[in-house]
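J.: The file below is work-v1.pdb, PDB, C-alpha atoms and all ligand atoms:
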MODEL        1
ATOM      1  CA  MET A 255      37.140 -23.279 -23.197
ATOM      2  CA  ASN A 256      37.342 -24.241 -26.842
ATOM      3  CA  GLY A 257      39.630 -27.168 -26.173
ATOM      4  CA  PHE A 258      42.746 -25.702 -27.803
ATOM      5  CA  GLN A 259      45.581 -23.510 -26.588
ATOM      6  CA  LEU A 260      47.114 -20.566 -28.345
ATOM      7  CA  ALA A 261      50.767 -21.232 -29.202
ATOM      8  CA  ARG A 262      53.107 -18.421 -28.208
ATOM      9  CA  PRO A 263      53.841 -16.447 -31.380
ATOM     10  CA  GLY A 264      57.369 -16.645 -32.724
ATOM     11  CA  ARG A 265      59.636 -13.568 -32.540
ATOM     12  CA  ARG A 266      59.099 -12.882 -36.270
ATOM     13  CA  TRP A 267      55.318 -12.342 -35.807
ATOM     14  CA  ARG A 268      55.399 -10.224 -32.674
ATOM     15  CA  PRO A 269      55.556  -6.785 -34.408
ATOM     16  CA  VAL A 270      52.725  -7.762 -36.755
ATOM     17  CA  ILE A 271      50.562  -8.920 -33.862
ATOM     18  CA  ALA A 272      51.341  -5.723 -31.979
ATOM     19  CA  LEU A 273      50.201  -3.673 -34.988
ATOM     20  CA  ILE A 274      46.968  -5.656 -35.235
ATOM     21  CA  ALA A 275      46.413  -5.157 -31.519
ATOM     22  CA  ILE A 276      46.828  -1.382 -31.909
ATOM     23  CA  ALA A 277      44.507  -1.350 -34.935
ATOM     24  CA  VAL A 278      41.838  -3.329 -33.124
ATOM     25  CA  THR A 279      42.080  -1.138 -30.028
ATOM     26  CA  CYS A 280      41.896   2.133 -31.972
ATOM     27  CA  PHE A 281      39.492   1.050 -34.713
ATOM     28  CA  PRO A 282      37.306  -1.735 -33.353
ATOM     29  CA  GLY A 283      35.236  -1.732 -36.547
ATOM     30  CA  LEU A 284      38.280  -2.933 -38.510
ATOM     31  CA  ALA A 285      38.476  -6.355 -36.949
ATOM     32  CA  LEU A 286      34.709  -6.830 -36.724
ATOM     33  CA  ALA A 287      33.973  -5.794 -40.281
ATOM     34  CA  SER A 288      36.038  -8.714 -41.513
ATOM     35  CA  ALA A 289      34.025 -11.337 -39.632
ATOM     36  CA  PRO A 290      30.453 -10.397 -38.855
ATOM     37  CA  LEU A 291      28.470 -12.865 -36.783
ATOM     38  CA  GLN A 292      26.430 -15.168 -39.030
ATOM     39  CA  ALA A 293      22.797 -15.008 -37.936
ATOM     40  CA  VAL A 294      19.814 -16.735 -39.560
ATOM     41  CA  ALA A 295      16.206 -15.629 -39.089
ATOM     42  CA  THR A 296      13.050 -17.418 -40.219
ATOM     43  CA  VAL A 297      10.603 -14.634 -41.181
ATOM     44  CA  GLY A 298      11.412 -11.082 -42.286
ATOM     45  CA  MET A 299       9.893  -9.476 -39.184
ATOM     46  CA  VAL A 300      12.418 -11.320 -37.003
ATOM     47  CA  GLY A 301      15.277 -10.792 -39.468
ATOM     48  CA  ASP A 302      14.726  -7.041 -39.483
ATOM     49  CA  VAL A 303      14.970  -6.781 -35.688
ATOM     50  CA  VAL A 304      18.243  -8.735 -35.806
ATOM     51  CA  ALA A 305      19.568  -6.492 -38.600
ATOM     52  CA  GLN A 306      18.517  -3.276 -36.813
ATOM     53  CA  VAL A 307      20.189  -4.308 -33.551
ATOM     54  CA  GLY A 308      23.164  -6.078 -35.133
ATOM     55  CA  GLY A 309      24.318  -3.359 -37.545
ATOM     56  CA  GLN A 310      27.768  -4.019 -39.039
ATOM     57  CA  CYS A 311      28.552  -6.670 -36.428
ATOM     58  CA  VAL A 312      26.001  -9.160 -37.735
ATOM     59  CA  GLU A 313      25.172 -10.604 -41.138
ATOM     60  CA  VAL A 314      21.555 -11.768 -41.268
ATOM     61  CA  THR A 315      20.133 -14.341 -43.667
ATOM     62  CA  THR A 316      16.331 -14.610 -43.701
ATOM     63  CA  LEU A 317      14.877 -17.920 -44.855
ATOM     64  CA  MET A 318      11.360 -16.782 -45.859
ATOM     65  CA  GLY A 319      11.096 -14.013 -48.417
ATOM     66  CA  PRO A 320       8.188 -11.814 -49.541
ATOM     67  CA  GLY A 321       4.845 -13.543 -50.064
ATOM     68  CA  VAL A 322       5.894 -16.713 -48.234
ATOM     69  CA  ASP A 323       3.365 -18.173 -45.780
ATOM     70  CA  PRO A 324       5.174 -19.390 -42.632
ATOM     71  CA  HIS A 325       2.246 -21.591 -41.542
ATOM     72  CA  LEU A 326       2.786 -23.837 -44.581
ATOM     73  CA  TYR A 327       6.561 -23.520 -44.879
ATOM     74  CA  ARG A 328       8.815 -26.558 -45.272
ATOM     75  CA  ALA A 329      12.594 -26.233 -44.944
ATOM     76  CA  SER A 330      14.461 -26.803 -48.216
ATOM     77  CA  ALA A 331      17.858 -28.476 -48.597
ATOM     78  CA  GLY A 332      19.277 -24.976 -49.141
ATOM     79  CA  ASP A 333      17.771 -23.809 -45.834
ATOM     80  CA  LEU A 334      19.456 -26.674 -44.003
ATOM     81  CA  ARG A 335      22.842 -25.651 -45.469
ATOM     82  CA  VAL A 336      22.241 -22.035 -44.392
ATOM     83  CA  LEU A 337      21.277 -23.222 -40.897
ATOM     84  CA  GLN A 338      24.421 -25.400 -40.727
ATOM     85  CA  ARG A 339      26.585 -22.300 -41.205
ATOM     86  CA  ALA A 340      24.628 -20.172 -38.711
ATOM     87  CA  GLU A 341      26.271 -19.121 -35.456
ATOM     88  CA  VAL A 342      22.885 -18.117 -34.035
ATOM     89  CA  VAL A 343      19.302 -18.671 -35.209
ATOM     90  CA  PHE A 344      16.308 -16.445 -34.414
ATOM     91  CA  TYR A 345      12.677 -17.381 -34.975
ATOM     92  CA  ALA A 346       9.301 -16.066 -33.805
ATOM     93  CA  GLY A 347       7.929 -19.216 -32.148
ATOM     94  CA  HIS A 348       4.421 -19.955 -30.814
ATOM     95  CA  SER A 349       4.208 -22.474 -33.691
ATOM     96  CA  LEU A 350       4.225 -19.702 -36.334
ATOM     97  CA  GLU A 351       6.895 -21.523 -38.306
ATOM     98  CA  GLY A 352       4.978 -24.825 -38.376
ATOM     99  CA  ARG A 353       7.178 -27.775 -39.317
ATOM    100  CA  LEU A 354      10.302 -25.595 -39.549
ATOM    101  CA  GLY A 355      10.113 -25.164 -35.761
ATOM    102  CA  GLU A 356      10.860 -28.889 -35.344
ATOM    103  CA  VAL A 357      13.900 -28.586 -37.621
ATOM    104  CA  LEU A 358      15.167 -25.608 -35.589
ATOM    105  CA  ASP A 359      14.954 -27.628 -32.370
ATOM    106  CA  ARG A 360      17.576 -29.985 -33.807
ATOM    107  CA  PHE A 361      19.970 -27.118 -34.550
ATOM    108  CA  GLY A 362      19.573 -25.905 -30.975
ATOM    109  CA  ALA A 363      21.908 -28.639 -29.784
ATOM    110  CA  THR A 364      24.906 -27.061 -31.530
ATOM    111  CA  ARG A 365      24.280 -23.287 -31.464
ATOM    112  CA  PRO A 366      21.957 -20.771 -29.782
ATOM    113  CA  VAL A 367      18.433 -20.924 -31.259
ATOM    114  CA  VAL A 368      16.227 -18.143 -29.894
ATOM    115  CA  ALA A 369      12.402 -17.966 -30.116
ATOM    116  CA  VAL A 370      12.163 -14.188 -29.760
ATOM    117  CA  SER A 371       8.418 -13.897 -29.347
ATOM    118  CA  GLU A 372       8.212 -16.745 -26.829
ATOM    119  CA  GLU A 373      11.021 -15.226 -24.752
ATOM    120  CA  ALA A 374       9.883 -11.615 -24.996
ATOM    121  CA  VAL A 375       6.156 -11.667 -24.354
ATOM    122  CA  PRO A 376       4.676 -12.792 -21.010
ATOM    123  CA  PRO A 377       1.831 -15.326 -21.450
ATOM    124  CA  SER A 378      -0.692 -12.921 -19.886
ATOM    125  CA  LEU A 379      -0.296 -10.596 -22.891
ATOM    126  CA  LEU A 380      -0.814 -13.303 -25.513
ATOM    127  CA  LEU A 381      -4.139 -13.981 -27.223
ATOM    128  CA  GLU A 382      -5.621 -17.458 -27.193
ATOM    129  CA  ALA A 383      -6.173 -19.297 -30.456
ATOM    130  CA  GLU A 384      -7.908 -22.326 -31.862
ATOM    131  CA  ALA A 385      -6.132 -25.719 -32.083
ATOM    132  CA  PRO A 386      -3.503 -26.652 -33.116
ATOM    133  CA  TYR A 387      -2.251 -23.261 -31.887
ATOM    134  CA  ALA A 388      -2.015 -22.770 -28.131
ATOM    135  CA  VAL A 389      -1.755 -19.001 -28.612
ATOM    136  CA  ASP A 390      -2.035 -16.592 -31.532
ATOM    137  CA  PRO A 391       1.497 -16.269 -32.992
ATOM    138  CA  HIS A 392       0.978 -12.951 -34.906
ATOM    139  CA  VAL A 393       2.543 -10.884 -32.121
ATOM    140  CA  TRP A 394       4.356  -8.413 -34.469
ATOM    141  CA  MET A 395       1.019  -6.786 -35.312
ATOM    142  CA  ASP A 396       1.099  -5.016 -31.919
ATOM    143  CA  VAL A 397       4.175  -2.796 -32.087
ATOM    144  CA  SER A 398       4.446  -2.378 -28.300
ATOM    145  CA  LEU A 399       4.534  -6.174 -27.885
ATOM    146  CA  TRP A 400       6.995  -6.732 -30.732
ATOM    147  CA  THR A 401       9.277  -4.032 -29.282
ATOM    148  CA  ARG A 402       9.969  -6.442 -26.428
ATOM    149  CA  THR A 403      11.790  -8.744 -28.867
ATOM    150  CA  VAL A 404      14.452  -6.043 -29.387
ATOM    151  CA  ASP A 405      15.892  -6.641 -25.904
ATOM    152  CA  VAL A 406      15.854 -10.418 -26.388
ATOM    153  CA  VAL A 407      17.799 -10.063 -29.648
ATOM    154  CA  ARG A 408      20.210  -7.517 -28.105
ATOM    155  CA  ASP A 409      21.016  -9.771 -25.146
ATOM    156  CA  ALA A 410      21.446 -12.891 -27.300
ATOM    157  CA  LEU A 411      23.791 -11.101 -29.717
ATOM    158  CA  ALA A 412      25.803  -9.507 -26.900
ATOM    159  CA  GLU A 413      26.402 -12.873 -25.298
ATOM    160  CA  ILE A 414      27.793 -14.353 -28.508
ATOM    161  CA  GLN A 415      29.625 -11.214 -29.718
ATOM    162  CA  PRO A 416      30.574  -9.318 -26.524
ATOM    163  CA  ALA A 417      32.968  -7.028 -28.427
ATOM    164  CA  CYS A 418      29.903  -5.421 -30.044
ATOM    165  CA  ALA A 419      27.760  -5.295 -26.895
ATOM    166  CA  GLN A 420      27.909  -1.518 -26.636
ATOM    167  CA  GLU A 421      26.920  -1.076 -30.255
ATOM    168  CA  PHE A 422      24.015  -3.511 -29.825
ATOM    169  CA  GLU A 423      22.899  -1.529 -26.775
ATOM    170  CA  LEU A 424      22.930   1.811 -28.615
ATOM    171  CA  ARG A 425      21.250   0.470 -31.725
ATOM    172  CA  ALA A 426      18.549  -1.334 -29.703
ATOM    173  CA  ALA A 427      17.757   1.843 -27.752
ATOM    174  CA  ALA A 428      17.490   3.918 -30.946
ATOM    175  CA  TYR A 429      15.291   1.312 -32.635
ATOM    176  CA  LYS A 430      12.970   1.094 -29.628
ATOM    177  CA  GLU A 431      12.502   4.864 -29.778
ATOM    178  CA  GLN A 432      11.422   4.577 -33.425
ATOM    179  CA  LEU A 433       9.048   1.732 -32.592
ATOM    180  CA  ALA A 434       7.460   3.685 -29.736
ATOM    181  CA  ALA A 435       6.796   6.527 -32.188
ATOM    182  CA  LEU A 436       5.397   4.060 -34.732
ATOM    183  CA  ASP A 437       3.037   2.664 -32.088
ATOM    184  CA  ARG A 438       1.711   6.164 -31.280
ATOM    185  CA  TRP A 439       1.401   7.009 -35.007
ATOM    186  CA  ILE A 440      -0.788   3.931 -35.574
ATOM    187  CA  GLN A 441      -2.977   4.862 -32.574
ATOM    188  CA  ASP A 442      -3.394   8.401 -33.915
ATOM    189  CA  SER A 443      -4.080   7.222 -37.472
ATOM    190  CA  VAL A 444      -6.749   4.677 -36.492
ATOM    191  CA  ALA A 445      -8.317   7.284 -34.194
ATOM    192  CA  SER A 446      -9.205   9.296 -37.332
ATOM    193  CA  LEU A 447     -11.818   6.624 -38.186
ATOM    194  CA  PRO A 448     -15.379   7.017 -36.887
ATOM    195  CA  ARG A 449     -16.112   4.197 -34.409
ATOM    196  CA  GLU A 450     -18.602   2.392 -36.657
ATOM    197  CA  ARG A 451     -15.955   2.189 -39.394
ATOM    198  CA  ARG A 452     -13.387   0.379 -37.249
ATOM    199  CA  VAL A 453     -13.982  -3.077 -38.740
ATOM    200  CA  LEU A 454     -11.079  -4.864 -40.402
ATOM    201  CA  VAL A 455     -12.013  -7.741 -42.745
ATOM    202  CA  THR A 456      -9.047  -9.838 -43.956
ATOM    203  CA  ALA A 457      -8.274 -13.222 -45.478
ATOM    204  CA  HIS A 458      -6.864 -15.016 -42.407
ATOM    205  CA  ASP A 459      -6.725 -14.469 -38.662
ATOM    206  CA  ALA A 460      -3.472 -12.487 -38.457
ATOM    207  CA  PHE A 461      -4.751  -9.149 -37.159
ATOM    208  CA  HIS A 462      -6.192  -9.783 -33.682
ATOM    209  CA  TYR A 463      -3.175  -8.231 -31.930
ATOM    210  CA  TYR A 464      -3.469  -5.237 -34.256
ATOM    211  CA  GLY A 465      -7.187  -4.969 -33.502
ATOM    212  CA  ARG A 466      -6.668  -5.218 -29.740
ATOM    213  CA  ALA A 467      -3.817  -2.706 -29.687
ATOM    214  CA  TYR A 468      -5.341  -0.099 -31.982
ATOM    215  CA  GLY A 469      -9.070  -0.486 -31.424
ATOM    216  CA  LEU A 470     -10.451  -2.307 -34.475
ATOM    217  CA  GLU A 471     -12.877  -5.190 -34.646
ATOM    218  CA  VAL A 472     -11.206  -7.943 -36.680
ATOM    219  CA  VAL A 473     -13.010 -10.446 -38.898
ATOM    220  CA  ALA A 474     -11.241 -13.052 -41.038
ATOM    221  CA  ILE A 475     -12.481 -15.651 -43.498
ATOM    222  CA  GLN A 476      -9.899 -18.257 -42.493
ATOM    223  CA  GLY A 477      -8.565 -19.059 -39.038
ATOM    224  CA  ILE A 478      -4.920 -18.748 -37.970
ATOM    225  CA  SER A 479      -3.878 -21.843 -39.827
ATOM    226  CA  THR A 480      -4.073 -21.410 -43.592
ATOM    227  CA  GLU A 481      -3.791 -25.172 -44.078
ATOM    228  CA  ASP A 482      -7.559 -25.787 -44.305
ATOM    229  CA  GLU A 483      -9.635 -24.391 -47.152
ATOM    230  CA  ALA A 484     -12.275 -21.824 -46.229
ATOM    231  CA  GLY A 485     -15.803 -23.152 -46.773
ATOM    232  CA  LEU A 486     -18.799 -21.501 -48.422
ATOM    233  CA  ALA A 487     -20.278 -20.992 -44.947
ATOM    234  CA  ASP A 488     -17.246 -18.906 -43.912
ATOM    235  CA  ILE A 489     -17.568 -16.761 -47.017
ATOM    236  CA  ARG A 490     -21.311 -16.314 -46.471
ATOM    237  CA  ALA A 491     -20.874 -15.314 -42.804
ATOM    238  CA  VAL A 492     -18.267 -12.667 -43.681
ATOM    239  CA  THR A 493     -20.406 -11.405 -46.585
ATOM    240  CA  ASP A 494     -23.392 -11.030 -44.210
ATOM    241  CA  LEU A 495     -21.309  -8.874 -41.907
ATOM    242  CA  VAL A 496     -19.947  -6.741 -44.756
ATOM    243  CA  VAL A 497     -23.459  -6.139 -46.124
ATOM    244  CA  GLN A 498     -25.146  -5.525 -42.746
ATOM    245  CA  ARG A 499     -22.485  -3.145 -41.483
ATOM    246  CA  GLY A 500     -21.880  -1.395 -44.793
ATOM    247  CA  VAL A 501     -18.131  -2.071 -44.591
ATOM    248  CA  PRO A 502     -16.494   0.096 -47.297
ATOM    249  CA  ALA A 503     -13.323  -1.952 -47.841
ATOM    250  CA  ILE A 504     -11.937  -5.435 -47.232
ATOM    251  CA  PHE A 505      -8.317  -6.531 -47.551
ATOM    252  CA  VAL A 506      -6.233  -9.197 -49.272
ATOM    253  CA  GLU A 507      -2.896 -10.358 -47.816
ATOM    254  CA  SER A 508       0.457 -10.664 -49.575
ATOM    255  CA  SER A 509       1.075 -14.243 -48.412
ATOM    256  CA  ILE A 510      -2.472 -15.574 -48.944
ATOM    257  CA  ASN A 511      -4.375 -16.399 -52.152
ATOM    258  CA  PRO A 512      -6.868 -13.497 -52.720
ATOM    259  CA  ARG A 513      -9.722 -15.707 -53.999
ATOM    260  CA  ASN A 514     -11.710 -15.827 -50.715
ATOM    261  CA  ILE A 515     -11.690 -12.053 -50.278
ATOM    262  CA  GLU A 516     -12.639 -11.690 -53.950
ATOM    263  CA  ALA A 517     -15.511 -14.159 -53.396
ATOM    264  CA  VAL A 518     -16.831 -11.985 -50.532
ATOM    265  CA  GLN A 519     -16.534  -8.905 -52.746
ATOM    266  CA  ALA A 520     -18.503 -10.612 -55.554
ATOM    267  CA  ALA A 521     -21.177 -11.931 -53.161
ATOM    268  CA  ALA A 522     -21.615  -8.500 -51.517
ATOM    269  CA  LYS A 523     -21.963  -6.882 -54.941
ATOM    270  CA  ASP A 524     -24.664  -9.427 -55.900
ATOM    271  CA  ARG A 525     -26.567  -8.341 -52.790
ATOM    272  CA  GLY A 526     -26.353  -4.690 -53.746
ATOM    273  CA  SER A 527     -23.510  -3.750 -51.339
ATOM    274  CA  PRO A 528     -20.420  -2.961 -53.367
ATOM    275  CA  VAL A 529     -17.240  -3.164 -51.270
ATOM    276  CA  SER A 530     -13.759  -2.229 -52.493
ATOM    277  CA  ILE A 531     -10.544  -4.161 -51.944
ATOM    278  CA  GLY A 532      -8.645  -1.700 -49.777
ATOM    279  CA  GLY A 533      -5.266  -2.973 -50.882
ATOM    280  CA  GLU A 534      -2.912  -5.784 -50.001
ATOM    281  CA  LEU A 535      -1.798  -6.092 -46.390
ATOM    282  CA  PHE A 536       1.473  -7.633 -45.240
ATOM    283  CA  SER A 537       0.365 -10.128 -42.623
ATOM    284  CA  ASP A 538       2.987 -12.874 -42.230
ATOM    285  CA  ALA A 539       5.781 -11.679 -44.555
ATOM    286  CA  LEU A 540       7.500  -8.359 -45.256
ATOM    287  CA  GLY A 541       7.543  -6.719 -48.686
ATOM    288  CA  HIS A 542      10.532  -6.909 -51.037
ATOM    289  CA  ALA A 543      14.025  -6.300 -49.637
ATOM    290  CA  GLY A 544      15.318  -2.869 -50.621
ATOM    291  CA  THR A 545      11.829  -1.285 -50.462
ATOM    292  CA  TRP A 546      10.314   0.471 -47.447
ATOM    293  CA  GLN A 547       7.654  -2.246 -47.218
ATOM    294  CA  GLY A 548      10.532  -4.696 -46.796
ATOM    295  CA  THR A 549      11.148  -3.365 -43.271
ATOM    296  CA  TYR A 550       9.155  -4.083 -40.112
ATOM    297  CA  ILE A 551       8.360  -0.379 -39.654
ATOM    298  CA  GLY A 552       7.317  -0.199 -43.316
ATOM    299  CA  MET A 553       5.075  -3.250 -42.947
ATOM    300  CA  LEU A 554       3.108  -1.554 -40.179
ATOM    301  CA  VAL A 555       3.100   1.825 -41.952
ATOM    302  CA  HIS A 556       1.857   0.251 -45.190
ATOM    303  CA  ASN A 557      -0.871  -1.777 -43.448
ATOM    304  CA  THR A 558      -2.053   1.165 -41.358
ATOM    305  CA  ARG A 559      -2.203   3.524 -44.334
ATOM    306  CA  ALA A 560      -4.146   0.970 -46.395
ATOM    307  CA  ILE A 561      -6.582   0.185 -43.550
ATOM    308  CA  VAL A 562      -7.165   3.789 -42.476
ATOM    309  CA  GLU A 563      -7.530   5.156 -46.010
ATOM    310  CA  GLY A 564      -9.636   2.170 -47.148
ATOM    311  CA  LEU A 565     -12.077   2.680 -44.274
ATOM    312  CA  GLY A 566     -12.306   6.424 -44.866
ATOM    313  CA  GLY A 567      -9.866   7.918 -42.341
ATOM    314  CA  LYS A 568      -6.638   9.907 -42.631
ATOM    315  CA  PRO A 569      -3.165   8.734 -41.539
ATOM    316  CA  ALA A 570      -1.566  10.959 -38.875
ATOM    317  CA  PRO A 571       1.433  13.194 -39.754
ATOM    318  CA  TRP A 572       4.864  11.513 -39.460
ATOM    319  CA  PRO A 573       6.234  11.626 -35.916
ATOM    320  CA  LEU A 574       9.579  13.371 -35.371
ATOM    321  CA  GLU A 575      11.250  10.153 -34.188
ATOM    322  CA  LEU A 576      10.603   8.536 -37.580
ATOM    323  CA  ALA A 577      12.091  11.470 -39.528
ATOM    324  CA  ASP A 578      15.314   9.570 -40.336
ATOM    325  CA  TRP A 579      13.393   6.490 -41.481
ATOM    326  CA  VAL A 580      11.019   8.599 -43.606
ATOM    327  CA  LYS A 581      13.950  10.495 -45.156
ATOM    328  CA  ALA A 582      15.958   7.330 -45.813
ATOM    329  CA  TRP A 583      13.093   5.958 -47.932
ATOM    330  CA  GLY A 584      12.132   9.306 -49.486
ATOM    331  CA  LEU A 585       8.595   9.184 -48.034
ATOM    332  CA  GLU A 586       8.292  12.825 -46.943
ATOM    333  CA  ASP A 587       5.371  13.413 -49.325
ATOM    334  CA  LEU A 588       3.664  10.039 -48.953
TER     335      LEU A 588
HETATM  336 ZN    ZN B   1      -0.650 -16.075 -40.153
ENDMDL
END
Could you write out this file's structure as structure tokens?

T.:
Amino acid sequence: MNGFQLARPGRRWRPVIALIAIAVTCFPGLALASAPLQAVATVGMVGDVVAQVGGQCVEVTTLMGPGVDPHLYRASAGDLRVLQRAEVVFYAGHSLEGRLGEVLDRFGATRPVVAVSEEAVPPSLLLEAEAPYAVDPHVWMDVSLWTRTVDVVRDALAEIQPACAQEFELRAAAYKEQLAALDRWIQDSVASLPRERRVLVTAHDAFHYYGRAYGLEVVAIQGISTEDEAGLADIRAVTDLVVQRGVPAIFVESSINPRNIEAVQAAAKDRGSPVSIGGELFSDALGHAGTWQGTYIGMLVHNTRAIVEGLGGKPAPWPLELADWVKAWGLEDL
């Protein structure tokens, strides 16, 4: 298949090879630990799914770190070198990655390049969006939708690294159980808000899947693309809504300049309707690696806590299925 044949080992090497064979059979982790599959992901939300499913069998490099806006991202020379070394590449798709998506297409000729969101979510479940987007790419904001990417990642990894297929299967199943619990926890937490308080005002249009899944009306100053500047008219329209509805808190995003949200806050104050900034939400990038906000579960937990507390509700108690995650990050008393 690879165009070369294995030479028969000389007599001198046969005992060594036999020992390796025994070691690999008895301790499969031994052989795999030495050469994990090299995977590259674009955004942290995708990279975390690959890491959760891949475990020790896969080494994941994520191109976009905390605070990076994928809509505006351009691949660097360093990214191209990382992509050259990749054995498999995962990205979200639906044009989330902007120009980088075109670069990834080129790499698809020489290795598997998987658009997890495009493969996982049937078109009927996607939200429409304004041009140049055909659909809204922020699928990870609905945990039940994003959970579908776990199977896509599992199957892609198993095909490339069949020796780890069983491990991928087990890890994917365990992760999906956690995500199902996370989905219910968000439902329960948002349900603590009185109906008239379920209005989420953010900087850009990243939260429509969240709003649809968990029952919040979503209003953003900027559209999906962050490429165009928001105008005064956009700021005035959002301020009108905040004042008329008495919205108690509005939210900045980690990957977006906070000035538009701050302008709404100042304008609302001038009109006698003080509104607080309910914290920074992670919309298109995870938090820092090595912190709980640097995980996909943590992203949704952080956002939900900020939204629910900012709007005057109370987050639900931790579900049992997230006990290990909560303990691992020391969040029992959060
Ligand atoms: Zn976005």

J.: Can you find the residues with an atom no farther than 10 Å from (11.4, -21.0, -36.1), counting all atoms listed in the file, and report them as an mmCIF file with C-alpha atoms, keeping the file's coordinate frame?

T.:
data_model
loop_
_atom_site.group_PDB
_atom_site.id
_atom_site.type_symbol
_atom_site.label_atom_id
_atom_site.label_comp_id
_atom_site.auth_asym_id
_atom_site.auth_seq_id
_atom_site.Cartn_x
_atom_site.Cartn_y
_atom_site.Cartn_z
ATOM 1 C CA ALA A 295 16.206 -15.629 -39.089
ATOM 2 C CA THR A 296 13.050 -17.418 -40.219
ATOM 3 C CA VAL A 297 10.603 -14.634 -41.181
ATOM 4 C CA VAL A 300 12.418 -11.320 -37.003
ATOM 5 C CA LEU A 317 14.877 -17.920 -44.855
ATOM 6 C CA PRO A 324 5.174 -19.390 -42.632
ATOM 7 C CA VAL A 343 19.302 -18.671 -35.209
ATOM 8 C CA PHE A 344 16.308 -16.445 -34.414
ATOM 9 C CA TYR A 345 12.677 -17.381 -34.975
ATOM 10 C CA ALA A 346 9.301 -16.066 -33.805
ATOM 11 C CA GLY A 347 7.929 -19.216 -32.148
ATOM 12 C CA HIS A 348 4.421 -19.955 -30.814
ATOM 13 C CA SER A 349 4.208 -22.474 -33.691
ATOM 14 C CA LEU A 350 4.225 -19.702 -36.334
ATOM 15 C CA GLU A 351 6.895 -21.523 -38.306
ATOM 16 C CA GLY A 352 4.978 -24.825 -38.376
ATOM 17 C CA ARG A 353 7.178 -27.775 -39.317
ATOM 18 C CA LEU A 354 10.302 -25.595 -39.549
ATOM 19 C CA GLY A 355 10.113 -25.164 -35.761
ATOM 20 C CA GLU A 356 10.860 -28.889 -35.344
ATOM 21 C CA VAL A 357 13.900 -28.586 -37.621
ATOM 22 C CA LEU A 358 15.167 -25.608 -35.589
ATOM 23 C CA ASP A 359 14.954 -27.628 -32.370
ATOM 24 C CA VAL A 367 18.433 -20.924 -31.259
ATOM 25 C CA VAL A 368 16.227 -18.143 -29.894
ATOM 26 C CA ALA A 369 12.402 -17.966 -30.116
ATOM 27 C CA VAL A 370 12.163 -14.188 -29.760
#

J.: With a distance cut-off of 9 Å and only C-alpha atoms, select the neighbouring residues of region 510-512 of chain A, excluding the residue or stretch itself and same-chain residues fewer than 2 positions from it, and output the selection as a PDB file with C-alpha atoms, in the frame of the given file.

T.:
ATOM      1  CA  GLY A 321       4.845 -13.543 -50.064  1.00  0.00           C
ATOM      2  CA  VAL A 322       5.894 -16.713 -48.234  1.00  0.00           C
ATOM      3  CA  ASP A 323       3.365 -18.173 -45.780  1.00  0.00           C
ATOM      4  CA  ALA A 457      -8.274 -13.222 -45.478  1.00  0.00           C
ATOM      5  CA  HIS A 458      -6.864 -15.016 -42.407  1.00  0.00           C
ATOM      6  CA  THR A 480      -4.073 -21.410 -43.592  1.00  0.00           C
ATOM      7  CA  PHE A 505      -8.317  -6.531 -47.551  1.00  0.00           C
ATOM      8  CA  VAL A 506      -6.233  -9.197 -49.272  1.00  0.00           C
ATOM      9  CA  GLU A 507      -2.896 -10.358 -47.816  1.00  0.00           C
ATOM     10  CA  SER A 508       0.457 -10.664 -49.575  1.00  0.00           C
ATOM     11  CA  ASN A 514     -11.710 -15.827 -50.715  1.00  0.00           C
ATOM     12  CA  ILE A 515     -11.690 -12.053 -50.278  1.00  0.00           C
ATOM     13  CA  GLU A 516     -12.639 -11.690 -53.950  1.00  0.00           C
ATOM     14  CA  ALA A 517     -15.511 -14.159 -53.396  1.00  0.00           C
ATOM     15  CA  SER A 537       0.365 -10.128 -42.623  1.00  0.00           C
TER      16      SER A 537
END

J.: Carefully work through the PyMOL selection byres (((chain A and resi 307) around 10) and not hetatm) for this structure and note down the residues it includes, as a PyMOL selection string.

T.: chain A and resi 302-306+308-312+404-405+407-408+411+421-430

J.: Please evaluate the PyMOL selection byres (((not hetatm)) within 6 of (chain B and resi 1)) against the displayed coordinates and give the resulting residues as a list in words.

T.: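 Checked against the file, the PyMOL selection byres (((not hetatm)) within 6 of (chain B and resi 1)) matches Ala460, Ile478 and Asp538 of chain A.
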
J.: Would you output that residue set with C-alpha atoms, as a short mmCIF file (atom, residue, chain, number, x, y, z; two decimals), keeping the file's coordinate frame?

T.:
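Here's the written file out.cif:
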data_model
loop_
_atom_site.label_atom_id
_atom_site.label_comp_id
_atom_site.auth_asym_id
_atom_site.auth_seq_id
_atom_site.Cartn_x
_atom_site.Cartn_y
_atom_site.Cartn_z
CA ALA A 460 -3.47 -12.49 -38.46
CA ILE A 478 -4.92 -18.75 -37.97
CA ASP A 538 2.99 -12.87 -42.23
#

J.: Could you write out as a ChimeraX atom specification the residues that the PyMOL selection byres (((chain A and resi 560) around 9) and not hetatm) matches in the shown file?

T.: /A:505,532-535,555-559,561-565

J.: Between A:Ala293, A:Ala363, A:Val455, A:Met553, which residue has the minimum interatomic distance to Gln519 (chain A), considering all atoms listed in the file?

T.: A:Val455

J.: Go ahead and compute the interatomic distance for CA of Val389 (chain A) and CA of Ala467 (chain A), in Å to one decimal.

T.: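 A separation of 16.5 Å between them.
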
J.: So how many Å separate CA of Gly566 (chain A) and CA of Ala522 (chain A), to one decimal?

T.: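 About the pair CA of Gly566 (chain A) and CA of Ala522 (chain A): they are 18.8 Å apart.
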
J.: Would you mind telling me which residue in A:Pro528, A:Gly584, A:Gly548, A:Pro448 lies nearest to Gly298 (chain A) when using all atoms listed in the file?

T.: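 Closest to Gly298 (chain A), using all atoms listed in the file: A:Gly548.
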
J.: Write out as a short mmCIF file (atom, residue, chain, number, x, y, z; two decimals) with C-alpha atoms, in the frame of the given file the residues lying within 12 Å of Ser378 (chain A), counting all atoms listed in the file and excluding same-chain residues fewer than 4 positions away.

T.:
data_model
loop_
_atom_site.label_atom_id
_atom_site.label_comp_id
_atom_site.auth_asym_id
_atom_site.auth_seq_id
_atom_site.Cartn_x
_atom_site.Cartn_y
_atom_site.Cartn_z
CA GLU A 372 8.21 -16.74 -26.83
CA ALA A 374 9.88 -11.62 -25.00
CA GLU A 382 -5.62 -17.46 -27.19
CA VAL A 389 -1.76 -19.00 -28.61
CA LEU A 399 4.53 -6.17 -27.88
#
